[in-house]
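Undergrad: CSV, C-alpha atoms and all ligand atoms, file final-v9.csv:
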chain,number,residue,atom,x,y,z
A,1,MET,CA,-25.2,1.2,5.7
A,2,SER,CA,-26.8,1.0,9.2
A,3,SER,CA,-26.4,-2.1,11.3
A,4,ASP,CA,-28.2,-3.0,14.4
A,5,PHE,CA,-25.8,-4.9,16.7
A,6,ALA,CA,-27.9,-4.5,19.8
A,7,ASN,CA,-28.6,-8.2,20.2
A,8,LEU,CA,-25.0,-9.2,19.3
A,9,PRO,CA,-22.2,-9.5,21.8
A,10,LEU,CA,-20.0,-7.3,19.5
A,11,ARG,CA,-16.7,-6.2,21.0
A,12,ASP,CA,-17.0,-2.8,22.7
A,13,ASP,CA,-14.2,-1.4,20.7
A,14,LEU,CA,-16.0,-2.3,17.4
A,15,ARG,CA,-19.2,-0.6,18.3
A,16,GLY,CA,-19.7,2.4,16.0
A,17,GLU,CA,-17.1,1.1,13.5
A,18,THR,CA,-17.8,0.8,9.8
A,19,PRO,CA,-16.2,-1.6,7.3
A,20,TYR,CA,-13.2,-0.1,5.5
A,21,GLY,CA,-13.2,0.4,1.8
A,22,ALA,CA,-13.6,2.7,-1.2
A,23,PRO,CA,-17.0,2.5,-2.8
A,24,GLN,CA,-17.2,0.0,-5.6
A,25,LEU,CA,-19.5,1.7,-8.1
A,26,ASP,CA,-20.4,1.1,-11.7
A,27,ILE,CA,-18.9,4.3,-13.0
A,28,PRO,CA,-17.1,4.7,-16.4
A,29,VAL,CA,-13.8,6.1,-15.2
A,30,CYS,CA,-12.6,4.6,-11.9
A,31,LEU,CA,-9.4,6.2,-10.6
A,32,ASN,CA,-9.9,5.6,-6.9
A,33,VAL,CA,-8.1,2.4,-5.7
A,34,ASN,CA,-4.6,2.7,-7.4
A,35,GLU,CA,-5.0,-0.4,-9.6
A,36,ASN,CA,-3.1,-0.8,-12.9
A,37,PRO,CA,-5.7,0.2,-15.5
A,38,TYR,CA,-4.3,-2.1,-18.1
A,39,ALA,CA,-5.8,-5.7,-18.0
A,40,PRO,CA,-3.6,-8.7,-18.5
A,41,PRO,CA,-3.1,-9.6,-22.2
A,42,LYS,CA,-5.0,-12.6,-23.5
A,43,SER,CA,-1.8,-14.6,-23.8
A,44,VAL,CA,-1.2,-14.2,-20.0
A,45,ALA,CA,-4.9,-14.9,-19.2
A,46,ASP,CA,-4.5,-18.2,-21.2
A,47,ALA,CA,-1.4,-19.2,-19.3
A,48,ILE,CA,-3.2,-18.5,-16.0
A,49,ALA,CA,-6.2,-20.5,-17.1
A,50,LYS,CA,-3.9,-23.4,-18.0
A,51,ARG,CA,-2.2,-23.4,-14.6
A,52,ALA,CA,-5.5,-23.0,-12.8
A,53,GLY,CA,-7.0,-25.9,-14.9
A,54,ALA,CA,-4.2,-28.2,-13.8
A,55,ALA,CA,-4.7,-27.2,-10.2
A,56,ALA,CA,-8.4,-27.8,-10.5
A,57,LEU,CA,-7.8,-31.5,-11.1
A,58,LYS,CA,-6.4,-31.7,-7.6
A,59,LEU,CA,-8.8,-29.5,-5.7
A,60,ASN,CA,-9.9,-32.4,-3.5
A,61,ARG,CA,-6.6,-32.0,-1.7
A,62,TYR,CA,-5.5,-29.1,0.5
A,63,PRO,CA,-2.9,-26.8,-1.2
A,64,ASP,CA,0.8,-26.7,-0.4
A,65,ARG,CA,0.7,-25.0,3.0
A,66,GLU,CA,4.2,-23.8,2.6
A,67,HIS,CA,3.6,-22.6,-1.0
A,68,VAL,CA,7.1,-23.6,-1.9
A,69,ALA,CA,7.0,-23.2,-5.7
A,70,LEU,CA,5.4,-19.8,-5.4
A,71,ARG,CA,8.0,-18.6,-2.8
A,72,ASP,CA,10.8,-19.7,-5.1
A,73,ALA,CA,9.2,-17.8,-8.0
A,74,LEU,CA,8.8,-14.7,-5.8
A,75,ALA,CA,12.4,-14.9,-4.7
A,76,GLY,CA,13.4,-15.2,-8.4
A,77,TYR,CA,11.4,-12.1,-9.3
A,78,ILE,CA,12.9,-10.1,-6.4
A,79,ASN,CA,16.5,-11.2,-7.1
A,80,ALA,CA,16.2,-10.1,-10.8
A,81,GLU,CA,15.3,-6.6,-9.4
A,82,THR,CA,17.7,-6.2,-6.4
A,83,ASP,CA,20.5,-8.8,-6.4
A,84,ALA,CA,19.9,-9.2,-2.7
A,85,GLY,CA,20.2,-13.0,-3.0
A,86,ILE,CA,16.8,-13.7,-1.4
A,87,LYS,CA,16.2,-17.3,-0.6
A,88,ARG,CA,12.9,-19.2,-0.3
A,89,GLU,CA,13.1,-19.1,3.6
A,90,GLN,CA,13.0,-15.3,3.5
A,91,VAL,CA,9.8,-15.1,1.5
A,92,TRP,CA,6.2,-15.5,2.7
A,93,ALA,CA,3.0,-15.0,0.8
A,94,ALA,CA,-0.6,-14.4,1.8
A,95,ASN,CA,-4.0,-13.1,0.4
A,96,GLY,CA,-2.9,-9.6,-0.4
A,97,SER,CA,-0.2,-7.6,1.5
A,98,ASN,CA,-3.1,-6.6,3.8
A,99,GLU,CA,-3.0,-10.2,5.2
A,100,ILE,CA,0.8,-10.1,5.4
A,101,MET,CA,0.6,-7.0,7.5
A,102,LEU,CA,-2.2,-8.3,9.7
A,103,GLN,CA,-0.1,-11.4,10.3
A,104,LEU,CA,2.8,-9.1,11.3
A,105,PHE,CA,0.5,-7.4,13.8
A,106,GLN,CA,-0.8,-10.7,15.0
A,107,ALA,CA,2.7,-12.0,15.6
A,108,PHE,CA,4.4,-8.8,16.9
A,109,GLY,CA,1.6,-6.6,18.3
A,110,GLY,CA,-1.0,-7.4,20.9
A,111,PRO,CA,-2.1,-6.0,24.3
A,112,GLY,CA,0.6,-3.8,25.9
A,113,LYS,CA,2.4,-3.3,22.5
A,114,THR,CA,2.4,-0.2,20.4
A,115,ALA,CA,2.8,0.2,16.6
A,116,LEU,CA,4.1,3.5,15.2
A,117,GLY,CA,3.3,5.1,11.8
A,118,PHE,CA,3.9,8.4,10.0
A,119,SER,CA,0.7,10.3,9.2
A,120,PRO,CA,-0.9,10.8,6.8
A,121,THR,CA,-0.4,7.2,5.8
A,122,TYR,CA,-2.4,4.1,4.8
A,123,SER,CA,-5.6,4.0,6.6
A,124,MET,CA,-5.6,0.2,7.1
A,125,TYR,CA,-2.6,0.4,9.6
A,126,PRO,CA,-4.8,1.6,12.5
A,127,GLU,CA,-7.3,-1.2,11.7
A,128,TYR,CA,-4.6,-4.0,12.0
A,129,ALA,CA,-3.8,-2.4,15.3
A,130,ARG,CA,-7.4,-2.3,16.5
A,131,ASP,CA,-8.0,-5.9,15.4
A,132,THR,CA,-5.0,-7.2,17.3
A,133,PHE,CA,-5.4,-5.0,20.4
A,134,THR,CA,-2.2,-3.1,19.6
A,135,LYS,CA,-2.0,0.6,20.5
A,136,TRP,CA,-1.6,2.8,17.4
A,137,LYS,CA,0.5,6.0,17.5
A,138,THR,CA,1.7,8.3,14.8
A,139,VAL,CA,4.4,10.9,14.1
A,140,SER,CA,3.2,13.7,11.7
A,141,ARG,CA,5.1,14.0,8.5
A,142,ARG,CA,6.6,17.4,7.5
A,143,GLU,CA,4.6,19.9,5.4
A,144,ASP,CA,6.0,18.2,2.2
A,145,PHE,CA,4.9,14.8,3.6
A,146,THR,CA,8.5,13.5,4.1
A,147,ILE,CA,9.4,11.8,7.3
A,148,ASP,CA,11.1,14.0,9.9
A,149,THR,CA,13.7,11.4,11.0
A,150,ASP,CA,14.7,13.4,14.1
A,151,SER,CA,11.2,13.4,15.6
A,152,ALA,CA,10.8,9.8,14.5
A,153,VAL,CA,13.9,8.7,16.3
A,154,GLU,CA,12.8,10.6,19.4
A,155,GLU,CA,9.4,9.0,19.4
A,156,ILE,CA,10.7,5.5,18.8
A,157,ARG,CA,13.1,5.9,21.8
A,158,ARG,CA,10.2,7.3,23.9
A,159,ILE,CA,7.6,4.6,23.0
A,160,GLY,CA,9.6,1.5,22.5
A,161,PRO,CA,7.2,0.3,19.7
A,162,SER,CA,7.1,-3.4,18.7
A,163,VAL,CA,6.2,-2.5,15.1
A,164,VAL,CA,7.2,0.5,13.0
A,165,MET,CA,5.1,1.0,9.8
A,166,ILE,CA,6.6,2.9,6.9
A,167,ALA,CA,4.8,2.9,3.5
A,168,ASN,CA,7.3,3.6,0.8
A,169,PRO,CA,6.2,5.2,-1.5
A,170,ASN,CA,3.6,6.4,1.0
A,171,ASN,CA,-0.2,6.2,0.4
A,172,PRO,CA,-2.0,8.6,0.0
A,173,THR,CA,0.8,11.1,-0.6
A,174,GLY,CA,3.2,9.1,-2.9
A,175,THR,CA,6.2,10.3,-0.9
A,176,TYR,CA,9.4,8.3,-1.1
A,177,ILE,CA,11.9,7.9,1.7
A,178,GLU,CA,15.6,7.2,0.8
A,179,ASN,CA,17.4,4.2,2.2
A,180,ASP,CA,19.8,6.6,4.0
A,181,ASP,CA,16.9,8.0,6.0
A,182,LEU,CA,15.5,4.5,6.5
A,183,ARG,CA,18.8,3.5,8.0
A,184,VAL,CA,18.5,6.2,10.7
A,185,LEU,CA,15.2,4.6,11.8
A,186,LEU,CA,16.6,1.1,11.4
A,187,ASP,CA,19.7,2.0,13.5
A,188,VAL,CA,17.7,3.3,16.4
A,189,CYS,CA,15.5,0.3,16.3
A,190,LYS,CA,18.6,-1.9,16.7
A,191,GLU,CA,19.1,-0.3,20.1
A,192,VAL,CA,15.7,0.4,21.4
A,193,ARG,CA,14.0,-2.0,23.8
A,194,VAL,CA,10.4,-2.9,23.1
A,195,LYS,CA,8.0,-2.1,25.9
A,196,ASN,CA,6.4,-5.1,27.5
A,197,ALA,CA,8.7,-7.5,25.7
A,198,PRO,CA,11.8,-9.5,26.7
A,199,GLU,CA,14.9,-7.4,27.3
A,200,SER,CA,16.5,-8.6,24.1
A,201,ALA,CA,13.6,-7.8,21.8
A,202,ARG,CA,13.9,-5.0,19.3
A,203,PRO,CA,11.2,-3.3,17.1
A,204,VAL,CA,10.2,-4.9,13.8
A,205,VAL,CA,10.4,-2.3,11.0
A,206,VAL,CA,7.9,-3.0,8.3
A,207,VAL,CA,8.5,-1.2,5.0
A,208,ASP,CA,5.3,-1.4,2.9
A,209,GLU,CA,6.5,-1.3,-0.7
A,210,ALA,CA,3.1,-1.8,-2.3
A,211,TYR,CA,4.0,0.7,-5.0
A,212,ALA,CA,7.7,-0.1,-5.3
A,213,GLU,CA,7.6,-0.8,-9.1
A,214,PHE,CA,6.4,2.7,-9.8
A,215,ARG,CA,9.3,4.5,-8.2
A,216,THR,CA,11.8,6.3,-10.6
A,217,PRO,CA,14.4,3.8,-11.8
A,218,GLY,CA,17.5,4.1,-9.6
A,219,LEU,CA,15.7,4.7,-6.4
A,220,GLU,CA,16.5,1.9,-4.0
A,221,SER,CA,14.3,-0.7,-2.3
A,222,ALA,CA,14.6,-1.5,1.4
A,223,ILE,CA,15.1,-5.1,0.3
A,224,SER,CA,18.8,-4.4,-0.1
A,225,LEU,CA,19.0,-3.6,3.6
A,226,ILE,CA,17.6,-6.9,4.9
A,227,GLY,CA,21.0,-8.5,5.2
A,228,GLU,CA,22.1,-5.8,7.6
A,229,TYR,CA,18.9,-5.4,9.6
A,230,PRO,CA,17.4,-8.7,10.8
A,231,ASN,CA,14.2,-7.1,12.1
A,232,LEU,CA,13.4,-5.4,8.8
A,233,ALA,CA,10.4,-6.8,6.9
A,234,VAL,CA,9.5,-5.6,3.4
A,235,SER,CA,5.9,-6.1,2.3
A,236,ARG,CA,5.2,-6.2,-1.5
A,237,THR,CA,2.0,-7.0,-3.5
A,238,MET,CA,0.9,-8.1,-6.9
A,239,SER,CA,-2.2,-5.8,-6.6
A,240,LYS,CA,-0.8,-2.6,-8.0
A,241,ALA,CA,2.0,-2.5,-10.7
A,242,PHE,CA,1.5,-6.2,-11.4
A,243,ALA,CA,-2.0,-5.7,-12.7
A,244,PHE,CA,-3.2,-8.6,-10.6
A,245,ALA,CA,-5.4,-7.1,-7.8
A,246,GLY,CA,-8.2,-9.6,-8.4
A,247,THR,CA,-6.0,-12.5,-7.4
A,248,ARG,CA,-5.1,-11.2,-3.9
A,249,LEU,CA,-1.4,-12.0,-3.6
A,250,GLY,CA,0.9,-10.1,-1.3
A,251,TYR,CA,4.3,-11.2,0.1
A,252,LEU,CA,6.9,-10.5,2.6
A,253,ILE,CA,10.7,-10.4,2.2
A,254,GLY,CA,12.6,-10.6,5.4
A,255,ASN,CA,14.7,-12.6,7.8
A,256,GLU,CA,13.8,-16.3,8.2
A,257,ASN,CA,12.9,-15.7,11.9
A,258,VAL,CA,10.3,-13.1,10.9
A,259,VAL,CA,8.8,-15.6,8.4
A,260,ASN,CA,8.8,-18.3,11.0
A,261,ALA,CA,6.9,-16.0,13.4
A,262,LEU,CA,4.2,-15.4,10.7
A,263,ARG,CA,3.9,-19.2,10.3
A,264,ILE,CA,2.7,-19.4,13.8
A,265,VAL,CA,-0.3,-17.0,13.3
A,266,ARG,CA,-1.3,-18.0,9.7
A,267,LEU,CA,-4.5,-19.9,9.2
A,268,PRO,CA,-4.1,-23.5,8.0
A,269,TYR,CA,-3.7,-23.7,4.2
A,270,HIS,CA,-4.3,-19.9,4.0
A,271,LEU,CA,-3.3,-19.6,0.4
A,272,SER,CA,-5.6,-21.5,-2.0
A,273,ALA,CA,-4.2,-23.8,-4.7
A,274,LEU,CA,-5.9,-21.5,-7.3
A,275,THR,CA,-4.2,-18.4,-6.0
A,276,GLN,CA,-0.9,-20.2,-6.0
A,277,ALA,CA,-1.4,-21.5,-9.6
A,278,ALA,CA,-2.5,-18.1,-10.9
A,279,SER,CA,0.3,-16.3,-9.2
A,280,LEU,CA,2.9,-18.7,-10.5
A,281,ALA,CA,1.6,-18.2,-14.1
A,282,ALA,CA,1.7,-14.4,-13.6
A,283,LEU,CA,5.3,-14.5,-12.3
A,284,GLU,CA,6.3,-16.5,-15.4
A,285,HIS,CA,4.9,-13.6,-17.4
A,286,SER,CA,6.0,-10.7,-15.2
A,287,GLY,CA,7.4,-8.8,-18.2
A,288,GLU,CA,4.1,-8.6,-20.0
A,289,LEU,CA,2.1,-7.7,-16.8
A,290,LEU,CA,4.5,-4.9,-15.9
A,291,ALA,CA,4.8,-3.7,-19.5
A,292,GLN,CA,2.7,-0.5,-18.8
A,293,VAL,CA,4.5,0.5,-15.6
A,294,SER,CA,6.9,2.9,-17.3
A,295,HIS,CA,4.1,4.4,-19.3
A,296,LEU,CA,2.1,4.9,-16.1
A,297,ARG,CA,5.1,6.6,-14.5
A,298,GLU,CA,5.2,9.0,-17.5
A,299,THR,CA,1.5,9.6,-17.1
A,300,ARG,CA,2.1,10.5,-13.5
A,301,ASP,CA,4.9,12.9,-14.3
A,302,LYS,CA,2.8,14.6,-17.0
A,303,THR,CA,-0.2,14.8,-14.7
A,304,GLU,CA,1.9,16.4,-12.0
A,305,LYS,CA,3.1,19.0,-14.5
A,306,TRP,CA,-0.5,19.6,-15.6
A,307,PHE,CA,-1.7,20.1,-12.0
A,308,LYS,CA,0.9,22.8,-11.6
A,309,THR,CA,-0.6,24.8,-14.5
A,310,LEU,CA,-4.0,25.0,-12.7
A,311,GLN,CA,-5.3,27.6,-10.3
A,312,TYR,CA,-7.7,27.3,-7.5
A,313,CYS,CA,-8.9,30.5,-5.7
A,314,GLY,CA,-6.0,32.4,-7.2
A,315,ARG,CA,-3.3,29.9,-6.0
A,316,PRO,CA,-1.7,27.1,-7.9
A,317,ILE,CA,-3.0,23.6,-7.1
A,318,LYS,CA,-0.5,21.8,-4.9
A,319,ASN,CA,0.4,18.2,-5.2
A,320,ALA,CA,2.6,16.0,-3.1
A,321,GLU,CA,5.7,14.7,-5.1
A,322,SER,CA,4.7,11.2,-6.0
A,323,GLU,CA,6.9,8.1,-6.7
A,324,SER,CA,3.7,6.1,-7.1
A,325,ASN,CA,0.9,5.6,-9.6
A,326,PHE,CA,-1.3,8.2,-7.9
A,327,ILE,CA,-1.2,11.9,-7.0
A,328,MET,CA,-2.6,13.7,-4.0
A,329,PHE,CA,-3.6,17.2,-4.8
A,330,GLY,CA,-5.4,20.2,-3.2
A,331,VAL,CA,-6.0,22.1,-1.1
A,332,PHE,CA,-9.8,22.7,-1.6
A,333,THR,CA,-12.2,24.4,0.7
A,334,ASP,CA,-14.8,21.7,0.1
A,335,ARG,CA,-13.2,18.6,-1.4
A,336,ASP,CA,-16.4,16.7,-1.3
A,337,PHE,CA,-17.9,19.2,-3.7
A,338,ILE,CA,-15.2,18.4,-6.3
A,339,PHE,CA,-15.4,14.7,-5.6
A,340,ASP,CA,-19.2,14.7,-6.1
A,341,GLU,CA,-19.2,16.8,-9.2
A,342,LEU,CA,-16.6,14.5,-10.8
A,343,LYS,CA,-18.7,11.5,-9.9
A,344,LYS,CA,-21.7,13.1,-11.5
A,345,ARG,CA,-19.6,13.4,-14.7
A,346,GLY,CA,-18.6,9.7,-14.6
A,347,VAL,CA,-15.2,10.0,-12.9
A,348,LEU,CA,-14.5,8.4,-9.5
A,349,ILE,CA,-11.5,9.5,-7.5
A,350,ARG,CA,-10.9,9.4,-3.7
A,351,ALA,CA,-11.4,11.9,-0.9
A,352,VAL,CA,-8.6,10.8,1.3
A,353,GLY,CA,-5.6,12.3,3.1
A,354,PRO,CA,-5.4,15.6,5.0
A,355,GLU,CA,-8.4,17.9,5.0
A,356,GLY,CA,-8.9,19.5,1.5
A,357,TYR,CA,-6.9,17.0,-0.5
A,358,LEU,CA,-8.0,14.5,-3.1
A,359,ARG,CA,-6.2,11.6,-4.7
A,360,VAL,CA,-6.4,10.4,-8.3
A,361,CYS,CA,-4.7,7.3,-9.6
A,362,MET,CA,-3.3,7.0,-13.1
A,363,GLY,CA,-5.6,5.5,-15.7
A,364,THR,CA,-5.3,4.7,-19.4
A,365,ASP,CA,-4.6,7.6,-21.7
A,366,GLU,CA,-8.2,7.8,-22.6
A,367,GLU,CA,-9.3,7.8,-18.9
A,368,MET,CA,-6.8,10.5,-18.1
A,369,ARG,CA,-8.1,12.6,-21.0
A,370,ILE,CA,-11.6,12.3,-19.6
A,371,PHE,CA,-10.3,13.1,-16.1
A,372,ARG,CA,-8.5,16.2,-17.2
A,373,GLU,CA,-11.5,17.4,-19.2
A,374,LYS,CA,-14.0,16.8,-16.4
A,375,PHE,CA,-11.7,18.2,-13.7
A,376,ALA,CA,-11.2,21.4,-15.6
A,377,GLU,CA,-15.0,21.8,-15.7
A,378,VAL,CA,-15.4,21.1,-12.0
A,379,LEU,CA,-12.5,23.3,-11.1
A,380,GLN,CA,-14.1,26.2,-12.8
A,381,LEU,CA,-17.3,25.6,-10.8
A,382,ALA,CA,-15.3,25.4,-7.6
A,383,ASN,CA,-13.5,28.6,-8.4
A,384,GLU,CA,-16.9,30.4,-9.0
A,385,ARG,CA,-18.2,28.9,-5.8
A,386,ASP,CA,-15.2,29.3,-3.5
A,387,GLY,CA,-13.2,32.2,-5.0
A,388,LYS,CA,-14.0,35.7,-4.3
A,401,LIG,C1,-2.9,-1.0,-2.0
A,401,LIG,C2,-2.0,-1.0,-0.9
A,401,LIG,C3,-1.6,-2.2,-0.4
A,401,LIG,C4,-2.0,-3.5,-1.1
A,401,LIG,O1,-2.9,-4.2,-0.5
A,401,LIG,P1,-3.2,-5.7,-1.1
A,401,LIG,O2,-3.8,-6.3,0.1
A,401,LIG,O3,-1.8,-6.3,-1.4
A,401,LIG,O4,-4.0,-5.6,-2.3
A,401,LIG,C5,-0.7,-2.2,0.7
A,401,LIG,N1,-0.3,-1.1,1.2
A,401,LIG,C6,-0.6,0.1,0.8
A,401,LIG,C7,0.0,1.3,1.3
A,401,LIG,C8,-1.5,0.2,-0.3
A,401,LIG,O5,-1.9,1.4,-0.8
Give the structure from this file in structure tokens form.

TA:
Amino acid sequence: MSSDFANLPLRDDLRGETPYGAPQLDIPVCLNVNENPYAPPKSVADAIAKRAGAAALKLNRYPDREHVALRDALAGYINAETDAGIKREQVWAANGSNEIMLQLFQAFGGPGKTALGFSPTYSMYPEYARDTFTKWKTVSRREDFTIDTDSAVEEIRRIGPSVVMIANPNNPTGTYIENDDLRVLLDVCKEVRVKNAPESARPVVVVDEAYAEFRTPGLESAISLIGEYPNLAVSRTMSKAFAFAGTRLGYLIGNENVVNALRIVRLPYHLSALTQAASLAALEHSGELLAQVSHLRETRDKTEKWFKTLQYCGRPIKNAESESNFIMFGVFTDRDFIFDELKKRGVLIRAVGPEGYLRVCMGTDEEMRIFREKFAEVLQLANERDGK
């Protein structure tokens, strides 16, 4: 896509930038954007249609700006999982967790402020920073993609960030960070002064739990730490495990003061009545929508094992340990070759992450069968090409 902005007063820092996003192509097997491959059952689709139909009769009016019923339902969903006793005042929803996180940057970032992340990580974080004139800095993860808490603490002390972004499980690596390690970062953030902010201000720590439902049962969520850490904000979404990406519903769980700050920057009536209605219906049927999650987890574990049986240029294929519904694997001399050859065979994955790595998300059993078959073919080609 080439655009000519010569006659437009486009911001200097946006010149040369391109829109973010994985290609949306009409390809038989799409394993590139980490969706749940199982569509909602007809019974749930009917329930959504019924709620949306009732809302349609009132579309001459603006929606509930405070989306109270939806926040109550989201609190109910979270409390069934964590017994954190989350109240409506601690919940805030928006059009995808991308909007939640942009609102966090709008409220807590800005000129003179710095946001800190742990690379490789979600490629939208630097874009929220760019769009809000916030400086973006990263600390590199260890070789196994876990967070080195010592260097993280050092960097937080040195920078005085206003926002710390931690994706858990991380995208694109799938890496999980334990609450004990999170506490180390949360504790230092309780002490550190934020640069260019009032003396009493402390960093906001955002834990992005977009893939939380896919983690192995027993692994904790940061939501259980909210009572202890007032500046902790946990971002969740219905786009991934919930099989609801088309609706665009993300939400935040945090302290009431954090929610009140987002209220200042949100657009008027940002969450449409149809979004609220559909999401309420989905939450009433969460069991059915989440029914395939444990199966997808098993698919992930099996696929990780399968990768370990494969060889590239005489070495086993490496994959990052994933607690999510995708696996990052490599390391290939020319990842684009593998990506393109798979695409030619009707399988779309993602060339993302450190050089040489690819990412595949878990599809249906049939999609995974096709992926394995085509990948084995392509791997043979790559071995002939790159191996000596
Ligand atoms: C997919 C994803 C999201 C979800 O975005 P939505 O706007 O809720 O669809 C958030 N964070 C990460 C790390 C993701 O991979």

Undergrad: Go ahead and compute the interatomic distance for atom CA of A:Leu25 and atom CA of A:Arg369, in Å to one decimal.

TA: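 Atom CA of A:Arg369 lies 20.4 Å from atom CA of A:Leu25.
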
Undergrad: Could you please determine the separation between atom CA of A:Glu143 and atom CA of A:Ala320 in Å, to one decimal place?

TA: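 Distance between the two atoms: 9.6 Å.
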
Undergrad: Please, which residues have at least one atom within 6 Å of an atom of ligand LIG 401 (chain A), using all atoms listed in the file, listed as a compact mmCIF listing (two decimals) with C-alpha atoms, in the coordinates of the input?

TA:
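Below is the file out-v9.txt, written as the result:
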# COMPACT_ATOMS: atom_id res chain seq x y z
CA GLY A 96 -2.90 -9.60 -0.40
CA SER A 97 -0.20 -7.60 1.50
CA ASN A 98 -3.10 -6.60 3.80
CA TYR A 122 -2.40 4.10 4.80
CA ALA A 167 4.80 2.90 3.50
CA ASN A 171 -0.20 6.20 0.40
CA ASP A 208 5.30 -1.40 2.90
CA ALA A 210 3.10 -1.80 -2.30
CA THR A 237 2.00 -7.00 -3.50
CA SER A 239 -2.20 -5.80 -6.60
CA ALA A 245 -5.40 -7.10 -7.80
CA ARG A 248 -5.10 -11.20 -3.90
CA GLY A 250 0.90 -10.10 -1.30

Undergrad: Excluding stretch 82-91 of chain A and residues on its chain fewer than 3 positions from it, collect all residues at most 9 Å away from it, counting all atoms listed in the file, and give them as an NGL selection string.

TA: :A and (68-69 or 71-76 or 78-79 or 220-221 or 223-227 or 251-260)

Undergrad: Pick from A:Tyr176, A:Tyr38, A:Lys50, A:Thr309: nearest to A:Val293, with only C-alpha atoms counted?

TA: A:Tyr38

Undergrad: Applying 10 Å and only C-alpha atoms, which residues near A:Glu155 remain after dropping the ones on its own chain fewer than 4 positions away? List them as a VMD selection string.

TA: chain A and resid 116 137 to 139 149 to 151 159 to 161

Undergrad: Nearest to A:Arg65: which of A:Ala273, A:Ala201, A:Ala281, A:Ala241 is it, counting all atoms listed in the file?

TA: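 Once distances to A:Arg65 are computed over all atoms listed in the file, the minimum belongs to A:Ala273.
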
Undergrad: Taking only C-alpha atoms into account, name the residue in A:Pro230, A:Gly363, A:Gly314, A:Gly387 that is nearest to A:Thr299.

TA: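 Under the stated criterion, the closest residue is A:Gly363.
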
Undergrad: Rank nothing, just name the residue among A:Lys344, A:His285, A:Lys113, A:Arg11 nearest to A:Ala45, using only C-alpha atoms.

TA: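 Going through A:Lys344, A:His285, A:Lys113, A:Arg11 one by one, the smallest distance to A:Ala45 is for A:His285.
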
Undergrad: Applying 12 Å and all atoms listed in the file, which residues near A:Gly287 remain after dropping the ones on its own chain fewer than 2 positions away? List them as a count of residues only.

TA: 19

Undergrad: What separation in Å, quoted to one decimal, exists between atom CA of A:His295 and atom CA of A:Pro217?

TA: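 These atoms are spaced 12.8 Å apart.
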
Undergrad: In terms of the shortest atom-to-atom distance over all atoms listed in the file, which of A:Asp148, A:Asn168, A:Gly109, A:Leu271 is closest to A:Asp131?

TA: A:Gly109

Undergrad: Would you mind telling me which residue in A:Trp306, A:Pro169, A:Asp386, A:Leu348 lies nearest to A:Phe332 when using all atoms listed in the file?

TA: A:Asp386

Undergrad: Need the neighbours of (-9.9, 12.0, -4.9): which residues are at most 10 Å away, counting only C-alpha atoms, as a PyMOL selection string?

TA: chain A and resi 31-33+172+326-330+335-336+338-340+342+347-353+356-361

Undergrad: Atoms to include: C-alpha atoms. Write the selected residues as a short mmCIF file (atom, residue, chain, number, x, y, z; two decimals), in the frame of the given file.

TA:
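Resulting contents of again.cif:
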data_model
loop_
_atom_site.label_atom_id
_atom_site.label_comp_id
_atom_site.auth_asym_id
_atom_site.auth_seq_id
_atom_site.Cartn_x
_atom_site.Cartn_y
_atom_site.Cartn_z
CA LEU A 31 -9.40 6.20 -10.60
CA ASN A 32 -9.90 5.60 -6.90
CA VAL A 33 -8.10 2.40 -5.70
CA PRO A 172 -2.00 8.60 0.00
CA PHE A 326 -1.30 8.20 -7.90
CA ILE A 327 -1.20 11.90 -7.00
CA MET A 328 -2.60 13.70 -4.00
CA PHE A 329 -3.60 17.20 -4.80
CA GLY A 330 -5.40 20.20 -3.20
CA ARG A 335 -13.20 18.60 -1.40
CA ASP A 336 -16.40 16.70 -1.30
CA ILE A 338 -15.20 18.40 -6.30
CA PHE A 339 -15.40 14.70 -5.60
CA ASP A 340 -19.20 14.70 -6.10
CA LEU A 342 -16.60 14.50 -10.80
CA VAL A 347 -15.20 10.00 -12.90
CA LEU A 348 -14.50 8.40 -9.50
CA ILE A 349 -11.50 9.50 -7.50
CA ARG A 350 -10.90 9.40 -3.70
CA ALA A 351 -11.40 11.90 -0.90
CA VAL A 352 -8.60 10.80 1.30
CA GLY A 353 -5.60 12.30 3.10
CA GLY A 356 -8.90 19.50 1.50
CA TYR A 357 -6.90 17.00 -0.50
CA LEU A 358 -8.00 14.50 -3.10
CA ARG A 359 -6.20 11.60 -4.70
CA VAL A 360 -6.40 10.40 -8.30
CA CYS A 361 -4.70 7.30 -9.60
#
